[in-house]
Amino acid sequence: MSSEKERKKCPSDELLKLVELWLKWDQCEITRQEIEQLQNESKWDNLDARLSHRIQFGTAGLRAKMGSGFALMNELTVIQATQGFIRHIQSTYKDKNDSLSVVIGFDARHQSQKFARLTAALFAHENIHVYLFDSTTVPTPFIPFSIQKLKCKAGIVVTASHNPKDDNGYKVYWENGAQIISPLDSQIAHSIQENLEPWKGKAWNLDILQEKSSNLISDPIEQICDLYIKNLSNLCYFPELNAKTELKFVYTPVHGVGQQFAEKAFSAFKFQPFISVDEQKNPDPDFPTVKYPNPEEGKETLECAIKTANKNNADFILATDPDADRFALAERDTQATTQTGWRILSGNQLGTLLGWWRWFTWRNKNPQVNVKDVYMLYSTVSSHILKSIGQIEGFNTIDTLTGFKWLGNKSHELINNNKHVLFAFEEAIGFMCDPNNVLDKDGISAMVIGAEMCTYLKSIGRTLYEQLNQISLLYGYHINNNSYIICNKTNILLKIFHRLRHYDQREDQQQQEISKTDKNQSEIVVQYSNKIKSHVTPDENERLYSKDEEFVYPRRCGQYNIIGIRDLTVGIEVDFRDQGKDKQPTLPCSSSTQMITFYFDNDCEITIRTSGTEPKIKWYSEISKKIQNKQTSDINSMIDTELFRNETKHELDQLVEAVIQEFLQPEKNGLIQRETST
């Protein structure tokens with residue numbers, strides 16, 4: 001019998017065919033040589049990992065590390081995705097094939113422009129007009145904006161947002177200007193699978209982009225940039241205040257595309273120019289000054305900006321991520337309560353402030369509009385503060401699944417029904433401040449609108465944190481603890497969620513003292529069948545029905561009882577207080593992602609989910625409580641308020657730690673703690 005080492009030297013016939021197919025199809029010299037070298041060195045495991053699995057097209061389009069092979073981002077897989085996308089567009093709009101158009105842009109990452117040009121050329125070869133931002137990199141929100149203004153059928157932006165430098169992506173929008181959602185993603189994926197072989201004479205043929213006489217290619221940068229800034233200026237409510245403010249703002253695009261567009265936005269709002277972070281203001285695909293090019297990571301990513309701000313005695317730091325669709329904000333800590341001297345706001349805190357600001361400014365300008373037609377949206381794992389504000393002010397709120405594909409499409413539906421959508425956000429520093437023009441998160445608009453909010457609050461003698469406290473006093477405290485832990489092994493990840501759905505009651509009882517009543521109730525109430533789930537196909541329903549799997553969820557964690565759960569993976573929602581009856585969740589469900597929400601008896605909810613693009617298990621938690629009969633002008637009341645906030649936060653932090661230890665079991669499962677950076 002041959003050894004394992006010897007077997008690895010003998011590739012399967014299937015793998016050899018895949019190597020041959022790659023070398024037949026790929027016309028990029030770099031990736032061809034990479035596969036050839038691996039073949040010559042008999043690195044079959046490496047080749048198997050690269051070739052035996054295809055990069056998956058989903059609602060986020062494509063995103064992966066760049067390199068050779070069907071599993072990675074490269075010229076061939078981009079061409080294959082584009083061919084499938086083109087065929088789907090053509091079949092969808094058969095009667096309009098003579099008037100089809102798309103818009104394409106790219107960020108500053110390695111290979112982004114080449115991927116975009118390969119994509120544009122294929123569309124042009126198919127007689128589809130391409131608005132290609134070829135002369136410069138552009139913010140991701142320019143693509144959904146352009147779709148609406150140029151009346152395109154679709155849009156593509158080549159970007160991996162704030163992912164590591166070796167990654168890239170292919171993000172797709174549909175004709176409504178929002179990201180694609182199911183079932184469109186599976187339809188496009190099917191079309192890609194049917195169009196894998198590169199089209200002869202068209203794939204890699206970029207000559208059509210150079211033909212000056214061609215009416216199939218145009219660069220809309222001047223038209224779109226001017227129109228974007230003009231529309232954005234309509235959301236400026238205090239231009240005189242902005243013009244005369246003495247506040248100093250520092251801005252960083254974190255080596256991304258935002259600098260020139262942030263400058264134009266600041267000028268449109270009548271601000272004096274902001275202070276730039278010299279080390280980071282120009283696009284650089286290597287992100288040399290940061291470990292993670294994601295402002296959400298906190299002080300590590302903002303270190304250069306903090307140094308610049310301290311040097312210039314600035315008041316605020318504004319930041320966008322590399323493709324300028326996310327926005328971060330930091331305020332100088334005049335009370336010296338932080339180590340860095342800066343308070344970096346979380347996504348939920350920023351969402352609270354921007355949501356309040358959009359309501360405050362819009363209502364002042366539209367006092368007669370019926371608030372019953374006004375909406376704000378937030379993702380279900382984000383703070384529910386907008387719901388609390390809406391309950392008092394009278395406007396409507398809707399929560400959606402995580403991601404702006406859901407927020408954008410729902411906003412489009414509401415706008416089409418003549419509703420006023422003012423704002424949407426998700427806790428991952430994504431904010432949609434101008435839904436009538438951009439149905440996606442937009443860091444440029446959020447940045448300049450946030451700066452005006454800072455200016456206004458300063459004019460009335462209030463800091464951002466003082467305003468957050470005012471909002472909490474009026475609408476209730478919503479305190480959050482969100483983070484993640486790294487899990488590099490898929491089998492461990494699945495094991496963790498399987499355990500939560502088949503909870504060992506004996507293990508649970510050993511860890512906690514549960515009364516006999518609770519014990520009996522937990523053994524009976526929390527068992528649920530997954531028969532007939534509305535979110536899956538009839539075939540999958542039949543398969544689930546035949547298995548009739550039962551689930552047993554935990555009923556307690558730490559010192560608190562769990563009063564309900566919502567499992568959007570298997571399609572179960574239940575309130576344990578309502579005789580334990582399960583029902584169909586109102587939010588869409590998907591068996592391809594792991595996501596469970598636990599509701600506790602102390603007004604806290606915690607959602608545990610897997611990341612769609614990174615090896616992470618994320619948790620999102622919120623506890624909401626309201627102080628009664630507090631006067632904001634009373635010094636003692638202010639002290640009591642801070643004490644209440646701290647006590648509530650401590651209660652939440654303790655529960656989150658219990659969830660991590662009892663549900664995720666990081667030591668037992670070999671999970672890697674996040675490098676804290678706040």
# chains A, B, ... in the order shown; residues from 1 in each chain; ligands from 1
$ residues_around --residues "region 472-481 of chain A" --least-positions-apart "6" --cutoff "7 Å" --atoms "only C-alpha atoms" --output "list in words"
Ser383, Ile385, Ser388, Ile389, Tyr620, Ser621, Glu622, Ile623, Ser624, Lys625, Lys626, Ile627, Lys649 and Asp653 of chain A
$ write_last_selection --atoms "N, CA and C atoms" --output "PDB file, in the first residue's frame"
ATOM      1  N   SER A 383     -28.003  48.721  16.387  1.00  0.00           N
ATOM      2  CA  SER A 383     -28.803  49.276  17.475  1.00  0.00           C
ATOM      3  C   SER A 383     -30.228  49.550  17.008  1.00  0.00           C
ATOM      4  N   ILE A 385     -32.062  51.878  18.258  1.00  0.00           N
ATOM      5  CA  ILE A 385     -32.373  53.218  18.738  1.00  0.00           C
ATOM      6  C   ILE A 385     -33.309  53.960  17.788  1.00  0.00           C
ATOM      7  N   SER A 388     -36.812  53.308  18.710  1.00  0.00           N
ATOM      8  CA  SER A 388     -37.238  54.049  19.906  1.00  0.00           C
ATOM      9  C   SER A 388     -37.526  55.510  19.572  1.00  0.00           C
ATOM     10  N   ILE A 389     -36.684  56.110  18.719  1.00  0.00           N
ATOM     11  CA  ILE A 389     -36.925  57.499  18.315  1.00  0.00           C
ATOM     12  C   ILE A 389     -38.228  57.590  17.515  1.00  0.00           C
ATOM     13  N   TYR A 620     -23.258  40.568  18.195  1.00  0.00           N
ATOM     14  CA  TYR A 620     -23.867  41.896  18.246  1.00  0.00           C
ATOM     15  C   TYR A 620     -24.821  41.884  19.433  1.00  0.00           C
ATOM     16  N   SER A 621     -24.631  42.801  20.348  1.00  0.00           N
ATOM     17  CA  SER A 621     -25.480  42.799  21.539  1.00  0.00           C
ATOM     18  C   SER A 621     -25.991  44.199  21.828  1.00  0.00           C
ATOM     19  N   GLU A 622     -27.165  44.243  22.416  1.00  0.00           N
ATOM     20  CA  GLU A 622     -27.734  45.529  22.828  1.00  0.00           C
ATOM     21  C   GLU A 622     -28.623  45.323  24.040  1.00  0.00           C
ATOM     22  N   ILE A 623     -28.486  46.241  24.979  1.00  0.00           N
ATOM     23  CA  ILE A 623     -29.398  46.293  26.113  1.00  0.00           C
ATOM     24  C   ILE A 623     -30.044  47.674  26.090  1.00  0.00           C
ATOM     25  N   SER A 624     -31.351  47.710  26.226  1.00  0.00           N
ATOM     26  CA  SER A 624     -32.074  48.988  26.146  1.00  0.00           C
ATOM     27  C   SER A 624     -32.856  49.214  27.428  1.00  0.00           C
ATOM     28  N   LYS A 625     -32.619  50.381  28.035  1.00  0.00           N
ATOM     29  CA  LYS A 625     -33.313  50.755  29.263  1.00  0.00           C
ATOM     30  C   LYS A 625     -33.531  52.256  29.259  1.00  0.00           C
ATOM     31  N   LYS A 626     -34.511  52.691  30.011  1.00  0.00           N
ATOM     32  CA  LYS A 626     -34.840  54.116  30.038  1.00  0.00           C
ATOM     33  C   LYS A 626     -34.857  54.619  31.473  1.00  0.00           C
ATOM     34  N   ILE A 627     -34.246  55.797  31.685  1.00  0.00           N
ATOM     35  CA  ILE A 627     -34.266  56.442  32.997  1.00  0.00           C
ATOM     36  C   ILE A 627     -35.561  57.230  33.131  1.00  0.00           C
ATOM     37  N   LYS A 649     -24.037  49.173  31.207  1.00  0.00           N
ATOM     38  CA  LYS A 649     -22.964  48.644  30.356  1.00  0.00           C
ATOM     39  C   LYS A 649     -22.281  47.457  31.023  1.00  0.00           C
ATOM     40  N   ASP A 653     -21.865  43.800  29.497  1.00  0.00           N
ATOM     41  CA  ASP A 653     -20.537  43.214  29.306  1.00  0.00           C
ATOM     42  C   ASP A 653     -20.416  41.855  29.998  1.00  0.00           C
TER      43      ASP A 653
END
$ residues_around --residues "Lys618 (chain A)" --least-positions-apart "2" --cutoff "6 Å" --atoms "only C-alpha atoms" --output "list of chain:residue names"
A:Ser483, A:Tyr484, A:Ile608, A:Arg609, A:Thr610
$ select_by_dssp --residues "region 345-520 of chain A" --states "strand (DSSP E)" --output "list in words"
Val374, Tyr375, Met376, Leu377, Tyr378, Ser379, Asn396, Thr397, Ile398, Asp399, Thr400, His420, Val421, Leu422, Phe423, Ala424, Phe425, Glu426, Gly430, Phe431, Met432, Tyr477, His478, Ile479, Asn480, Ser483, Tyr484, Ile485 and Ile486 of chain A
$ atom_distance --atom1 "CA of Lys365 (chain A)" --atom2 "CA of His420 (chain A)"
13.3 Å
$ closest_residue --among "A:Thr59, A:Gln335, A:Asn366, A:Asn418" --to "Thr402 (chain A)" --atoms "only C-alpha atoms"
A:Thr59
$ residues_around --residues "region 299-304 of chain A" --least-positions-apart "4" --cutoff "10 Å" --atoms "only C-alpha atoms" --output "compact mmCIF listing (two decimals) with all heavy atoms, in the first residue's frame"
# COMPACT_ATOMS: atom_id res chain seq x y z
N THR A 252 -8.90 61.48 6.56
CA THR A 252 -8.05 60.48 5.92
C THR A 252 -8.89 59.50 5.11
O THR A 252 -9.91 59.01 5.59
CB THR A 252 -7.21 59.68 6.94
OG1 THR A 252 -6.50 58.64 6.24
CG2 THR A 252 -8.07 59.05 8.02
N VAL A 254 -7.50 56.70 4.21
CA VAL A 254 -6.79 55.45 4.53
C VAL A 254 -6.24 54.80 3.25
O VAL A 254 -6.53 53.65 2.94
CB VAL A 254 -7.68 54.47 5.32
CG1 VAL A 254 -6.83 53.34 5.91
CG2 VAL A 254 -8.43 55.18 6.43
N VAL A 277 -4.17 64.00 5.93
CA VAL A 277 -3.15 63.13 6.50
C VAL A 277 -2.20 62.77 5.37
O VAL A 277 -2.51 61.93 4.52
CB VAL A 277 -3.77 61.87 7.12
CG1 VAL A 277 -2.69 60.96 7.70
CG2 VAL A 277 -4.79 62.25 8.19
N ASP A 278 -1.05 63.43 5.33
CA ASP A 278 -0.16 63.32 4.17
C ASP A 278 0.24 61.88 3.85
O ASP A 278 0.34 61.50 2.68
CB ASP A 278 1.10 64.16 4.40
CG ASP A 278 0.81 65.66 4.37
OD1 ASP A 278 -0.22 66.05 3.78
OD2 ASP A 278 1.58 66.43 4.96
N GLU A 279 0.46 61.08 4.89
CA GLU A 279 0.91 59.70 4.67
C GLU A 279 -0.17 58.82 4.04
O GLU A 279 0.14 57.74 3.52
CB GLU A 279 1.35 59.05 5.99
CG GLU A 279 2.40 59.82 6.77
CD GLU A 279 1.78 60.69 7.85
OE1 GLU A 279 0.79 61.39 7.55
OE2 GLU A 279 2.29 60.64 8.99
N GLN A 280 -1.42 59.26 4.10
CA GLN A 280 -2.52 58.39 3.67
C GLN A 280 -3.43 59.00 2.61
O GLN A 280 -4.38 58.36 2.18
CB GLN A 280 -3.38 58.00 4.90
CG GLN A 280 -2.64 57.21 5.95
CD GLN A 280 -3.52 56.88 7.14
OE1 GLN A 280 -4.49 57.59 7.44
NE2 GLN A 280 -3.20 55.79 7.83
N THR A 289 0.75 52.11 5.88
CA THR A 289 0.79 52.65 7.25
C THR A 289 -0.16 51.94 8.21
O THR A 289 -0.20 52.29 9.39
CB THR A 289 0.43 54.15 7.25
OG1 THR A 289 -0.94 54.30 6.85
CG2 THR A 289 1.33 54.93 6.31
N VAL A 290 -0.93 50.96 7.72
CA VAL A 290 -1.92 50.31 8.59
C VAL A 290 -1.84 48.80 8.44
O VAL A 290 -1.48 48.27 7.39
CB VAL A 290 -3.36 50.78 8.27
CG1 VAL A 290 -3.53 52.25 8.59
CG2 VAL A 290 -3.73 50.49 6.83
N LYS A 291 -2.19 48.11 9.52
CA LYS A 291 -2.29 46.65 9.46
C LYS A 291 -3.58 46.25 8.79
O LYS A 291 -3.62 45.32 7.98
CB LYS A 291 -2.21 46.06 10.87
CG LYS A 291 -2.20 44.54 10.90
CD LYS A 291 -2.00 44.02 12.31
CE LYS A 291 -1.95 42.48 12.31
NZ LYS A 291 -1.74 41.95 13.69
N TYR A 292 -4.67 46.94 9.16
CA TYR A 292 -5.98 46.71 8.55
C TYR A 292 -6.48 48.04 7.99
O TYR A 292 -6.59 49.02 8.75
CB TYR A 292 -6.98 46.17 9.58
CG TYR A 292 -6.55 44.91 10.28
CD1 TYR A 292 -6.13 44.94 11.61
CD2 TYR A 292 -6.57 43.69 9.61
CE1 TYR A 292 -5.74 43.78 12.26
CE2 TYR A 292 -6.17 42.53 10.26
CZ TYR A 292 -5.76 42.59 11.58
OH TYR A 292 -5.36 41.45 12.21
N PRO A 293 -6.82 48.12 6.72
CA PRO A 293 -7.30 49.39 6.14
C PRO A 293 -8.78 49.63 6.42
O PRO A 293 -9.54 50.02 5.55
CB PRO A 293 -7.04 49.20 4.65
CG PRO A 293 -7.20 47.73 4.43
CD PRO A 293 -6.67 47.06 5.68
N ASN A 294 -9.18 49.38 7.66
CA ASN A 294 -10.59 49.47 8.03
C ASN A 294 -10.73 50.41 9.23
O ASN A 294 -10.32 50.06 10.34
CB ASN A 294 -11.13 48.09 8.39
CG ASN A 294 -12.61 48.12 8.74
OD1 ASN A 294 -13.26 49.15 8.66
ND2 ASN A 294 -13.14 46.98 9.15
N PRO A 295 -11.29 51.60 9.05
CA PRO A 295 -11.44 52.55 10.16
C PRO A 295 -12.24 51.98 11.33
O PRO A 295 -12.11 52.47 12.46
CB PRO A 295 -12.18 53.73 9.52
CG PRO A 295 -11.90 53.62 8.06
CD PRO A 295 -11.80 52.15 7.78
N THR A 308 -1.68 63.54 13.17
CA THR A 308 -1.91 64.77 12.41
C THR A 308 -2.84 65.71 13.17
O THR A 308 -2.62 66.93 13.22
CB THR A 308 -2.51 64.44 11.03
OG1 THR A 308 -1.61 63.61 10.31
CG2 THR A 308 -2.78 65.70 10.23
N ALA A 309 -3.88 65.15 13.78
CA ALA A 309 -4.84 65.96 14.52
C ALA A 309 -4.19 66.60 15.75
O ALA A 309 -4.44 67.77 16.06
CB ALA A 309 -6.04 65.11 14.92
N ASN A 310 -3.37 65.82 16.45
CA ASN A 310 -2.69 66.37 17.62
C ASN A 310 -1.72 67.47 17.22
O ASN A 310 -1.61 68.51 17.90
CB ASN A 310 -1.95 65.26 18.36
CG ASN A 310 -2.91 64.32 19.10
OD1 ASN A 310 -4.04 64.69 19.41
ND2 ASN A 310 -2.45 63.11 19.37
N ILE A 317 -11.73 64.02 13.82
CA ILE A 317 -11.10 63.20 12.79
C ILE A 317 -12.20 62.54 11.98
O ILE A 317 -13.11 61.91 12.54
CB ILE A 317 -10.18 62.13 13.41
CG1 ILE A 317 -8.99 62.78 14.11
CG2 ILE A 317 -9.70 61.16 12.33
CD1 ILE A 317 -8.15 61.80 14.92
N LEU A 318 -12.13 62.69 10.66
CA LEU A 318 -13.06 62.07 9.74
C LEU A 318 -12.28 61.05 8.90
O LEU A 318 -11.17 61.31 8.48
CB LEU A 318 -13.68 63.11 8.81
CG LEU A 318 -14.22 64.39 9.46
CD1 LEU A 318 -14.53 65.43 8.39
CD2 LEU A 318 -15.46 64.09 10.29
N ALA A 319 -12.88 59.89 8.67
CA ALA A 319 -12.18 58.86 7.90
C ALA A 319 -13.17 58.08 7.05
O ALA A 319 -14.31 57.84 7.47
CB ALA A 319 -11.43 57.90 8.83
N ASP A 321 -13.20 54.42 4.47
CA ASP A 321 -12.41 53.24 4.17
C ASP A 321 -11.91 53.32 2.72
O ASP A 321 -12.24 54.27 2.00
CB ASP A 321 -13.21 51.96 4.45
CG ASP A 321 -14.37 51.76 3.50
OD1 ASP A 321 -14.79 52.73 2.86
OD2 ASP A 321 -14.86 50.62 3.39
N ALA A 328 -15.97 56.82 9.47
CA ALA A 328 -15.67 56.79 10.90
C ALA A 328 -15.42 58.21 11.39
O ALA A 328 -14.97 59.08 10.63
CB ALA A 328 -14.45 55.92 11.17
N LEU A 329 -15.69 58.43 12.67
CA LEU A 329 -15.59 59.77 13.25
C LEU A 329 -15.02 59.67 14.66
O LEU A 329 -15.40 58.79 15.44
CB LEU A 329 -16.98 60.41 13.29
CG LEU A 329 -17.14 61.76 14.01
CD1 LEU A 329 -16.29 62.83 13.35
CD2 LEU A 329 -18.61 62.19 14.02
N ALA A 330 -14.08 60.55 14.96
CA ALA A 330 -13.52 60.63 16.31
C ALA A 330 -13.56 62.08 16.78
O ALA A 330 -13.36 63.01 16.01
CB ALA A 330 -12.08 60.11 16.32
N THR A 340 -5.90 57.58 24.23
CA THR A 340 -5.39 58.28 23.04
C THR A 340 -5.71 59.76 23.04
O THR A 340 -5.14 60.52 22.26
CB THR A 340 -6.00 57.67 21.77
OG1 THR A 340 -7.43 57.84 21.80
CG2 THR A 340 -5.67 56.19 21.65
N TRP A 342 -8.69 60.69 22.25
CA TRP A 342 -9.74 60.77 21.24
C TRP A 342 -10.82 59.74 21.51
O TRP A 342 -10.52 58.59 21.83
CB TRP A 342 -9.16 60.55 19.83
CG TRP A 342 -8.29 61.69 19.41
CD1 TRP A 342 -6.96 61.85 19.67
CD2 TRP A 342 -8.71 62.85 18.70
NE1 TRP A 342 -6.52 63.04 19.16
CE2 TRP A 342 -7.57 63.67 18.55
CE3 TRP A 342 -9.92 63.28 18.16
CZ2 TRP A 342 -7.61 64.90 17.89
CZ3 TRP A 342 -9.97 64.50 17.50
CH2 TRP A 342 -8.83 65.29 17.37
N ARG A 343 -12.05 60.17 21.37
CA ARG A 343 -13.18 59.26 21.49
C ARG A 343 -13.61 58.83 20.08
O ARG A 343 -14.13 59.64 19.31
CB ARG A 343 -14.35 59.94 22.21
CG ARG A 343 -14.14 60.06 23.71
CD ARG A 343 -15.28 60.84 24.35
NE ARG A 343 -15.33 60.64 25.78
CZ ARG A 343 -16.11 61.32 26.61
NH1 ARG A 343 -16.92 62.26 26.11
NH2 ARG A 343 -16.11 61.08 27.90
N ILE A 344 -13.36 57.59 19.77
CA ILE A 344 -13.72 57.05 18.46
C ILE A 344 -15.11 56.45 18.56
O ILE A 344 -15.34 55.50 19.32
CB ILE A 344 -12.70 55.99 18.01
CG1 ILE A 344 -11.29 56.60 17.98
CG2 ILE A 344 -13.07 55.44 16.64
CD1 ILE A 344 -10.18 55.58 17.75
N THR A 676 -7.52 43.89 20.27
CA THR A 676 -8.34 45.05 20.63
C THR A 676 -7.67 46.34 20.18
O THR A 676 -6.47 46.52 20.30
CB THR A 676 -8.57 45.12 22.15
OG1 THR A 676 -7.30 45.15 22.81
CG2 THR A 676 -9.34 43.90 22.62
N SER A 677 -8.50 47.21 19.63
CA SER A 677 -8.03 48.52 19.17
C SER A 677 -9.17 49.48 19.24
O SER A 677 -10.08 49.44 18.43
CB SER A 677 -7.49 48.42 17.74
OG SER A 677 -7.08 49.66 17.28
N THR A 678 -9.19 50.33 20.26
CA THR A 678 -10.33 51.23 20.45
C THR A 678 -9.88 52.66 20.60
O THR A 678 -8.71 52.94 20.72
CB THR A 678 -11.13 50.83 21.69
OG1 THR A 678 -10.24 50.83 22.82
CG2 THR A 678 -11.73 49.45 21.53
$ closest_atom_pairs --of "region 157-260 of chain A" --to "region 403-413 of chain A" --cutoff "9 Å" --atoms "only C-alpha atoms" --output "tab-separated table"
residue	atom	partner	partner_atom	distance
A:Tyr173	CA	A:Lys405	CA	8.9
A:Asn176	CA	A:His412	CA	7.3
A:Gly177	CA	A:Gly408	CA	8.1
A:Ala178	CA	A:Gly408	CA	5.3
A:Gln179	CA	A:Lys405	CA	4.7
A:Ile180	CA	A:Lys405	CA	6.3
A:Ile181	CA	A:Lys405	CA	6.4
$ residues_around --residues "Ile398 (chain A)" --least-positions-apart "3" --cutoff "7 Å" --atoms "only C-alpha atoms" --output "list in words"
Met376, Leu377 and Tyr378 of chain A
$ write_last_selection --atoms "C-alpha atoms" --output "short mmCIF file (atom, residue, chain, number, x, y, z; two decimals), in the first residue's frame"
data_model
loop_
_atom_site.label_atom_id
_atom_site.label_comp_id
_atom_site.auth_asym_id
_atom_site.auth_seq_id
_atom_site.Cartn_x
_atom_site.Cartn_y
_atom_site.Cartn_z
CA MET A 376 -35.74 54.96 8.63
CA LEU A 377 -34.10 51.56 8.35
CA TYR A 378 -31.43 49.61 10.20
#
$ closest_residue --among "A:Val130, A:Ile275, A:Ile147, A:Asn469" --to "Ser214 (chain A)" --atoms "only C-alpha atoms"
A:Val130
$ closest_residue --among "A:Leu118, A:Met66, A:Val570, A:Leu464" --to "Thr82 (chain A)" --atoms "only C-alpha atoms"
A:Leu118
$ closest_residue --among "A:Ser68, A:Thr92, A:Asn127, A:Asn205" --to "Leu184 (chain A)" --atoms "only C-alpha atoms"
A:Thr92
$ atom_distance --atom1 "CA of Ala60 (chain A)" --atom2 "CA of Asp166 (chain A)"
17.9 Å
$ residues_around --residues "Asp219 (chain A)" --least-positions-apart "3" --cutoff "12 Å" --atoms "only C-alpha atoms" --output "number ranges by chain"
A: 102-105, 120, 129-138, 146, 150, 209, 212, 215-216, 222-225
$ write_last_selection --atoms "N, CA, C and O atoms" --output "compact mmCIF listing (two decimals), in the first residue's frame"
# COMPACT_ATOMS: atom_id res chain seq x y z
N VAL A 102 -24.37 49.75 -19.06
CA VAL A 102 -23.91 49.45 -17.70
C VAL A 102 -22.87 50.49 -17.30
O VAL A 102 -22.30 51.18 -18.16
N VAL A 103 -22.61 50.60 -15.99
CA VAL A 103 -21.57 51.49 -15.50
C VAL A 103 -20.57 50.66 -14.71
O VAL A 103 -20.95 49.74 -13.97
N ILE A 104 -19.28 50.96 -14.88
CA ILE A 104 -18.22 50.18 -14.26
C ILE A 104 -17.18 51.12 -13.64
O ILE A 104 -16.75 52.09 -14.28
N GLY A 105 -16.79 50.83 -12.41
CA GLY A 105 -15.75 51.59 -11.74
C GLY A 105 -14.80 50.66 -11.00
O GLY A 105 -15.01 49.44 -10.96
N ALA A 120 -15.26 45.76 -18.98
CA ALA A 120 -15.85 46.75 -19.89
C ALA A 120 -15.73 46.30 -21.34
O ALA A 120 -16.67 46.47 -22.13
N HIS A 129 -23.52 49.47 -24.23
CA HIS A 129 -22.78 50.70 -23.92
C HIS A 129 -22.23 50.64 -22.50
O HIS A 129 -22.92 50.26 -21.56
N VAL A 130 -20.98 51.04 -22.35
CA VAL A 130 -20.30 51.01 -21.05
C VAL A 130 -19.89 52.41 -20.63
O VAL A 130 -19.16 53.10 -21.35
N TYR A 131 -20.41 52.83 -19.48
CA TYR A 131 -19.91 54.04 -18.84
C TYR A 131 -18.77 53.59 -17.92
O TYR A 131 -19.02 53.06 -16.83
N LEU A 132 -17.55 53.75 -18.37
CA LEU A 132 -16.38 53.25 -17.63
C LEU A 132 -15.63 54.42 -17.01
O LEU A 132 -15.12 55.30 -17.71
N PHE A 133 -15.55 54.43 -15.68
CA PHE A 133 -14.72 55.41 -14.99
C PHE A 133 -13.27 54.98 -15.17
O PHE A 133 -12.68 54.34 -14.29
N ASP A 134 -12.70 55.34 -16.30
CA ASP A 134 -11.38 54.82 -16.66
C ASP A 134 -10.25 55.77 -16.30
O ASP A 134 -9.10 55.37 -16.15
N SER A 135 -10.58 57.04 -16.12
CA SER A 135 -9.53 58.05 -15.90
C SER A 135 -9.14 58.18 -14.44
O SER A 135 -8.10 58.77 -14.12
N THR A 136 -9.93 57.65 -13.53
CA THR A 136 -9.64 57.79 -12.10
C THR A 136 -10.38 56.72 -11.31
O THR A 136 -11.39 56.17 -11.77
N THR A 137 -9.87 56.44 -10.14
CA THR A 137 -10.61 55.60 -9.21
C THR A 137 -11.80 56.39 -8.67
O THR A 137 -11.74 57.62 -8.58
N VAL A 138 -12.87 55.70 -8.29
CA VAL A 138 -14.06 56.38 -7.78
C VAL A 138 -14.58 55.67 -6.53
O VAL A 138 -14.35 54.47 -6.35
N SER A 146 -24.73 56.35 -10.31
CA SER A 146 -24.68 56.45 -11.77
C SER A 146 -25.75 55.60 -12.43
O SER A 146 -26.30 55.97 -13.48
N LEU A 150 -27.87 57.63 -15.02
CA LEU A 150 -27.60 57.30 -16.43
C LEU A 150 -28.55 56.24 -16.97
O LEU A 150 -28.44 55.85 -18.12
N LEU A 209 -11.52 49.36 -26.39
CA LEU A 209 -11.46 50.48 -25.45
C LEU A 209 -10.63 51.64 -25.99
O LEU A 209 -10.77 52.78 -25.53
N LYS A 212 -11.27 55.44 -30.62
CA LYS A 212 -11.85 56.76 -30.34
C LYS A 212 -13.19 56.96 -31.03
O LYS A 212 -14.03 57.74 -30.59
N ASN A 215 -18.73 54.38 -30.08
CA ASN A 215 -19.76 55.02 -29.27
C ASN A 215 -20.24 54.09 -28.17
O ASN A 215 -21.28 54.31 -27.57
N LEU A 216 -19.47 53.04 -27.93
CA LEU A 216 -19.85 52.06 -26.91
C LEU A 216 -19.15 52.28 -25.58
O LEU A 216 -19.50 51.65 -24.58
N GLU A 222 -16.81 63.47 -15.11
CA GLU A 222 -17.14 64.87 -14.87
C GLU A 222 -18.63 65.06 -14.65
O GLU A 222 -19.05 65.76 -13.71
N GLN A 223 -19.44 64.44 -15.49
CA GLN A 223 -20.89 64.57 -15.36
C GLN A 223 -21.38 64.02 -14.03
O GLN A 223 -22.17 64.68 -13.32
N ILE A 224 -20.92 62.84 -13.67
CA ILE A 224 -21.41 62.20 -12.46
C ILE A 224 -20.88 62.89 -11.21
O ILE A 224 -21.64 63.10 -10.24
N CYS A 225 -19.62 63.27 -11.21
CA CYS A 225 -19.07 63.94 -10.03
C CYS A 225 -19.79 65.26 -9.77
O CYS A 225 -20.17 65.55 -8.62
$ closest_residue --among "A:Phe497, A:Trp619, A:Trp174, A:Tyr237" --to "Asn364 (chain A)" --atoms "only C-alpha atoms"
A:Tyr237
$ residues_around --residues "Phe106 (chain A)" --least-positions-apart "3" --cutoff "8 Å" --atoms "only C-alpha atoms" --output "number ranges by chain"
A: 112-113, 116, 133, 137-138, 140, 157-159
